[in-house]
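Let me begin by presenting the structure, written as structure tokens, before commenting on it.
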Amino acid sequence: MTEPGRIDHQEGRLAIAGDWTLVHFATLKRQVDRLVQDRAPSPEGVDLAQIAALDTAGATLLMKLVGARSLAAIDDWAPELPATRRALLRTLGEAMADNRPPVTLPSHPLKDVLARTGQLVEGLWQQQRQLLGFIGQVLVTLAATAWRPGRWRLTSVVAQLHQTGLNALPIVALLTFLVGAVVAFLGATVLRDFGATIYTVDLVAFAFLREFGVLLAAILLAGRTASAFTAQLGAMKANEELDAVRTLGLDPVELLVLPRVLAMMLTLPILTFVGMLSGILGGALVCLLALDISLIQFLAILQRDIPLNHFLVGLSKAPLFAFLVAVIGCLEGFKVSGSAQSVGEHTTSSVVQSIFMVILLDAIAALFFMEMGW
Amino acid sequence: MSTTQATTNQAPLIRVRGLANRFGQHSVHEDLDLDLYAGEILGVVGGSGTGKSVLLRSIVGLLRPSAGHIEVFGEDLQRLSDSERSRIERRFGVLFQRGALFTSLTLQENVALPLIEHAKLDRADAEALARVKLALAGLPGEAAIKYPAELSGGMIKRAALARALALDPEVLFLDEPTAGLDPIGAAAFDRLILTLRDALGLSVFLVTHDLDTLYTACDRVAVLSRRRVLVADRLDVVAATEDDWIHDYFHGPRGRAAQQAAHPVEDP
């Protein structure tokens with residue numbers, strides 16, 4: 001475009017000339033740095049009259065050259081400059097005169113590691129305390145509203161049922177069907193050596209009725225719905241909608257959390273049932289195609305070998321898992337602070353926590369049911 | 001007012017002709033014309049819902065208009081390729097209504113981002129320059145390493161202005177810059193805009209509801225009403241236009257107070 005800025009030495013004075021703009025920032029900065037390193041020139045030794053173009057980037061470099069305070073007093077030492085240019089330099093000088101660069105504390109690697117570990121452990125402890133507290137709060141609110149049908153939010157429960165239940169049905173059915181087929185294949189391969197391939201039927205049925213139906217459905221809902229709850233409530237929190245709910249004299253737990261929790265507790269048993277059916281169907285298909293066990297034979301074995309209590313054991317876990325997944329999703333949503341990053345962090349945390357909780361509880365439940373002989 | 005006299009003869013920097021914006025059945029603009037000249041501060045006013053922000057978004061290219069064309073620096077934005085558009089958009093600085101700072105970056109990182117990406121400065125230089133821009137926008141030095149979530153609404157506005165100014169743009173688009181600022185801060189903001197305009201030769205497209213800003217800072221005022229620009233001229237001409245809305249706006253109690261504050265002698 002035009003000639004880049006330069007600093008000329010003329011009769012012991014520094015003549016600033018050319019374009020002092022952002023485009024030439026790197027070259028100009030090198031020149032200024034070299035000069036300042038030797039000694040900072042006094043404003044009297046600087047001549048600004050030949051500058052062609054000047055923007056805030058260039059003005060910043062000039063400030064580096066003569067100092068912010070001299071720049072603020074530019075009217076005294078360079079009155080020949082156009083008023084508009086002086087205004088820019090003066091404004092910049094005044095803004096930076098009392099401006100201290102932010103202080104960053106020096107860090108020590110070992111201390112940082114220890115502090116971070118401490119923070120994590122403390123955070124984990126706080127998280128569990130908050131979760132227990134929130135579970136209590138939800139239960140109290142549930143108890144308080146249960147006796148007053150006027151305060152039931154039926155519309156929003158139904159809307160949540162639609163989103164968390166009906167819309168999740170196809171994916172739950174498909175996934176459990178596939179896992180059912182895989183389990184049947186595994187069983188067939190291992191049992192073939194013992195000539196007991198017929199027990200593949202029992203394997204699939206046991207696995208899906210007691211564990212896989214509910215576990216797969218719960219994990220899917222943790223990934224699909226807990227994250228949605230966190231993002232919904234988190235966005236509302238960031239937009240101050242939750243504060244608005246409170247100032248209107250309403251209870252966010254009753255208004256937003258209960259419908260979600262109740263919808264989940266209705267949804268998951270249904271999805272579990274669907275999961276069991278389609279898992280067993282997947283197994284039946286593999287038995288039919290790979291092991292020549294006909295559908296009638298399959299059903300006959302089911303009826304003979306599998307008592308009802310396995311189904312009940314599996315189904316009984318569903319409401320508990322649903323409650324935890326929903327509560328964790330909502331709680332993490334409430335913890336979101338203003339930023340986009342925070343929404344992401346808490347969504348991740350809610351999915352990880354709810355899947356962890358589901359698997360942990362399932363392990364404990366498996367031990368319990370085994371000891372009880374159910 | 002010398003600026004206005006000088007600018008009327010030259011070609012406009014931004015030329016909007018026959019602009020229409022429709023959202024489904026709802027039409028916001030129909031056959032809207034508007035010019036922005038180099039070096040002027042154009043105030044855009046209008047009642048709520050008259051599409052001031054929509055107009056701003058169509059000019060900066062965030063919204064594809066339903067009809068009409070917009071020429072920026074003599075080129076039609078919609079006919080340009082992506083890289084050419086990006087080159088032109090770098091000459092814009094936009095201050096959004098709610099700041100739109102990146103929440104995962106500190107203030108100085110927010111301002112330094114365009115400097116690193118477009119001006120190819122290294123990180124230390126960019127952040128040093130960013131701190132100057134933040135100071136220029138009126139923020140204290142220690143605010144530079146804070147995150148947007150830790151700031152008040154007024155400070156976010158200032159930081160957003162610093163980011164809009166990062167690349168020393170030729171045209172500055174401000175969407176209600178003084179809304180949410182205290183009167184002292186708002187007055188300082190007006191002065192800052194004037195200083196920057198005078199020093200850098202900026203053109204400013206200023207959407208506002210603030211009558212004080214109109215009287216102290218704007219060279220021309222465009223009134224948006226009934227889906228088009230009703231009038232765009234010097235403030236005294238606009239204020240004298242025969243129209244119910246304009247009359248209520250400029251001669252209501254607030255309008256009179258702002259006028260008195262700006263020109264105490266001229267008021268009869």
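Numbering starts fresh at 1 for the residues of each chain in the structure tokens, the chains themselves are lettered A, B, ... in the order given, and ligands are numbered from 1 as they appear.
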Set the cut-off to 6 Å and count only C-alpha atoms: what are the residues of chain A that reach chain B? Output as a compact mmCIF listing (two decimals) with all heavy atoms, in the first residue's frame.
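Final output, selection_15.txt:
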```txt
# COMPACT_ATOMS: atom_id res chain seq x y z
N THR A 84 -6.73 15.71 15.79
CA THR A 84 -7.31 14.37 15.88
C THR A 84 -6.24 13.36 16.28
O THR A 84 -6.48 12.45 17.07
CB THR A 84 -7.90 13.96 14.52
OG1 THR A 84 -6.89 14.11 13.53
CG2 THR A 84 -9.08 14.82 14.20
N ARG A 85 -5.02 13.53 15.72
CA ARG A 85 -3.96 12.58 16.02
C ARG A 85 -3.51 12.72 17.47
O ARG A 85 -3.25 11.75 18.16
CB ARG A 85 -2.79 12.82 15.06
CG ARG A 85 -1.86 11.66 14.99
CD ARG A 85 -1.11 11.64 13.69
NE ARG A 85 -1.90 11.05 12.63
CZ ARG A 85 -1.51 11.01 11.37
NH1 ARG A 85 -0.37 11.57 11.01
NH2 ARG A 85 -2.25 10.42 10.46
N LEU A 88 -5.93 10.95 19.75
CA LEU A 88 -5.72 9.50 19.83
C LEU A 88 -4.57 9.19 20.78
O LEU A 88 -4.69 8.36 21.68
CB LEU A 88 -5.43 8.92 18.45
CG LEU A 88 -5.02 7.45 18.45
CD1 LEU A 88 -6.19 6.58 18.86
CD2 LEU A 88 -4.51 7.01 17.10
N LEU A 92 -4.87 7.36 24.44
CA LEU A 92 -4.14 6.12 24.70
C LEU A 92 -3.21 6.28 25.90
O LEU A 92 -3.14 5.42 26.78
CB LEU A 92 -3.33 5.74 23.46
CG LEU A 92 -2.84 4.31 23.43
CD1 LEU A 92 -3.99 3.41 23.04
CD2 LEU A 92 -1.71 4.15 22.43
N ALA A 95 -5.18 6.39 29.07
CA ALA A 95 -5.72 5.07 29.42
C ALA A 95 -4.65 4.18 30.02
O ALA A 95 -4.91 3.40 30.93
CB ALA A 95 -6.33 4.42 28.20
N ASN A 99 -2.21 2.13 34.22
CA ASN A 99 -2.62 0.76 33.96
C ASN A 99 -1.49 -0.19 34.33
O ASN A 99 -0.40 -0.12 33.77
CB ASN A 99 -2.96 0.63 32.47
CG ASN A 99 -3.74 -0.61 32.19
OD1 ASN A 99 -3.17 -1.70 32.20
ND2 ASN A 99 -5.02 -0.48 31.96
N ARG A 100 -1.75 -1.03 35.30
CA ARG A 100 -0.71 -2.00 35.68
C ARG A 100 -1.01 -3.32 34.96
O ARG A 100 -2.16 -3.72 34.88
CB ARG A 100 -0.73 -2.28 37.18
CG ARG A 100 -0.81 -1.05 38.03
CD ARG A 100 0.28 -1.01 39.09
NE ARG A 100 0.41 0.34 39.60
CZ ARG A 100 0.94 1.37 38.93
NH1 ARG A 100 1.43 1.19 37.73
NH2 ARG A 100 1.00 2.57 39.45
N PRO A 101 0.04 -3.97 34.46
CA PRO A 101 -0.21 -5.29 33.87
C PRO A 101 -0.67 -6.26 34.96
O PRO A 101 -0.29 -6.11 36.12
CB PRO A 101 1.16 -5.70 33.31
CG PRO A 101 2.14 -4.83 34.00
CD PRO A 101 1.44 -3.57 34.39
N PRO A 102 -1.53 -7.21 34.60
CA PRO A 102 -2.05 -8.13 35.60
C PRO A 102 -0.93 -8.97 36.22
O PRO A 102 0.04 -9.33 35.55
CB PRO A 102 -3.02 -9.01 34.80
CG PRO A 102 -2.59 -8.85 33.39
CD PRO A 102 -2.03 -7.48 33.26
N GLY A 338 -21.99 -19.51 34.11
CA GLY A 338 -22.27 -18.80 32.86
C GLY A 338 -21.66 -19.31 31.56
O GLY A 338 -22.25 -19.17 30.52
N SER A 339 -20.48 -19.92 31.60
CA SER A 339 -19.75 -20.07 30.34
C SER A 339 -20.14 -21.31 29.53
O SER A 339 -20.70 -22.26 30.06
CB SER A 339 -18.26 -20.13 30.62
OG SER A 339 -17.94 -21.33 31.25
N GLN A 341 -18.03 -23.33 28.24
CA GLN A 341 -17.16 -24.41 28.67
C GLN A 341 -17.77 -25.16 29.85
O GLN A 341 -17.71 -26.38 29.93
CB GLN A 341 -15.82 -23.81 29.09
CG GLN A 341 -14.77 -24.86 29.30
CD GLN A 341 -13.39 -24.24 29.27
OE1 GLN A 341 -13.25 -23.02 29.30
NE2 GLN A 341 -12.37 -25.05 29.19
```
| task | Mind checking which residues fall within 9 Å of region 187-189 of chain A, counting only C-alpha atoms, ignoring those fewer than 3 positions away in the same chain, and posting them as a VMD selection string? | result | chain A and resid 182 to 184 192 to 193 196 to 201 203 to 204 287 290 to 291
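Each of B:Cys218, B:Ile41, B:Met155, B:Leu55 was compared to Ala20 (chain B) using only C-alpha atoms, and B:Leu55 turns out to be the nearest.
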| said: Could you go through region 117-203 of chain B and tell me which residues DSSP, when run on the backbone, assigns to alpha helix (DSSP H), listing them as a PyMOL selection string? | reply: chain B and resi 117+123-136+153-164+183-200
Generate the output file for the selected residues, C-alpha atoms, as an mmCIF file, in the first residue's frame.
```cif
data_model
loop_
_atom_site.group_PDB
_atom_site.id
_atom_site.type_symbol
_atom_site.label_atom_id
_atom_site.label_comp_id
_atom_site.auth_asym_id
_atom_site.auth_seq_id
_atom_site.Cartn_x
_atom_site.Cartn_y
_atom_site.Cartn_z
ATOM 1 C CA GLU B 117 -5.297 -15.163 13.418
ATOM 2 C CA ARG B 123 1.137 -14.391 21.120
ATOM 3 C CA ALA B 124 3.091 -12.086 23.452
ATOM 4 C CA ASP B 125 2.787 -9.105 21.091
ATOM 5 C CA ALA B 126 -0.886 -9.778 20.479
ATOM 6 C CA GLU B 127 -1.659 -9.962 24.185
ATOM 7 C CA ALA B 128 0.314 -6.807 24.941
ATOM 8 C CA LEU B 129 -1.605 -4.992 22.216
ATOM 9 C CA ALA B 130 -4.828 -6.519 23.508
ATOM 10 C CA ARG B 131 -4.147 -5.046 26.953
ATOM 11 C CA VAL B 132 -3.726 -1.605 25.371
ATOM 12 C CA LYS B 133 -7.065 -1.950 23.588
ATOM 13 C CA LEU B 134 -8.737 -3.052 26.805
ATOM 14 C CA ALA B 135 -7.281 -0.022 28.603
ATOM 15 C CA LEU B 136 -8.438 2.182 25.736
ATOM 16 C CA GLY B 153 -22.454 -6.196 32.034
ATOM 17 C CA GLY B 154 -20.789 -2.813 31.522
ATOM 18 C CA MET B 155 -17.305 -4.297 31.609
ATOM 19 C CA ILE B 156 -18.339 -6.968 29.098
ATOM 20 C CA LYS B 157 -19.519 -4.179 26.754
ATOM 21 C CA ARG B 158 -16.146 -2.457 27.052
ATOM 22 C CA ALA B 159 -14.217 -5.674 26.458
ATOM 23 C CA ALA B 160 -16.409 -6.397 23.442
ATOM 24 C CA LEU B 161 -15.600 -2.935 22.075
ATOM 25 C CA ALA B 162 -11.902 -3.667 22.568
ATOM 26 C CA ARG B 163 -12.331 -6.866 20.535
ATOM 27 C CA ALA B 164 -14.266 -5.009 17.828
ATOM 28 C CA PRO B 183 -24.581 7.375 32.617
ATOM 29 C CA ILE B 184 -20.945 8.239 33.375
ATOM 30 C CA GLY B 185 -19.720 5.156 31.551
ATOM 31 C CA ALA B 186 -22.110 5.829 28.670
ATOM 32 C CA ALA B 187 -20.843 9.409 28.289
ATOM 33 C CA ALA B 188 -17.238 8.185 28.336
ATOM 34 C CA PHE B 189 -18.201 5.596 25.708
ATOM 35 C CA ASP B 190 -19.633 8.321 23.453
ATOM 36 C CA ARG B 191 -16.435 10.379 23.829
ATOM 37 C CA LEU B 192 -14.301 7.343 23.076
ATOM 38 C CA ILE B 193 -16.232 6.636 19.877
ATOM 39 C CA LEU B 194 -15.813 10.270 18.797
ATOM 40 C CA THR B 195 -12.079 10.250 19.583
ATOM 41 C CA LEU B 196 -11.554 7.023 17.675
ATOM 42 C CA ARG B 197 -13.577 8.255 14.728
ATOM 43 C CA ASP B 198 -11.595 11.501 14.556
ATOM 44 C CA ALA B 199 -8.227 9.837 15.026
ATOM 45 C CA LEU B 200 -8.702 6.732 12.884
#
```
| message | I'd like the contact shell of region 159-167 of chain A - 6 Å cut-off, only C-alpha atoms, skipping same-chain residues fewer than 2 positions apart - returned as a list in words. | response | Ser156, Val157, Leu169, Ala263 and Thr267 of chain A
Emit the selected residues as a tab-separated table (two decimals), in the first residue's frame, including C-alpha atoms.
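Saved to selection.tsv:
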```
chain	number	residue	atom	x	y	z
A	156	SER	CA	-44.63	-31.64	31.50
A	157	VAL	CA	-44.33	-35.25	32.68
A	169	LEU	CA	-37.42	-46.67	22.00
A	263	ALA	CA	-40.85	-39.38	33.57
A	267	THR	CA	-39.72	-44.65	31.11
```
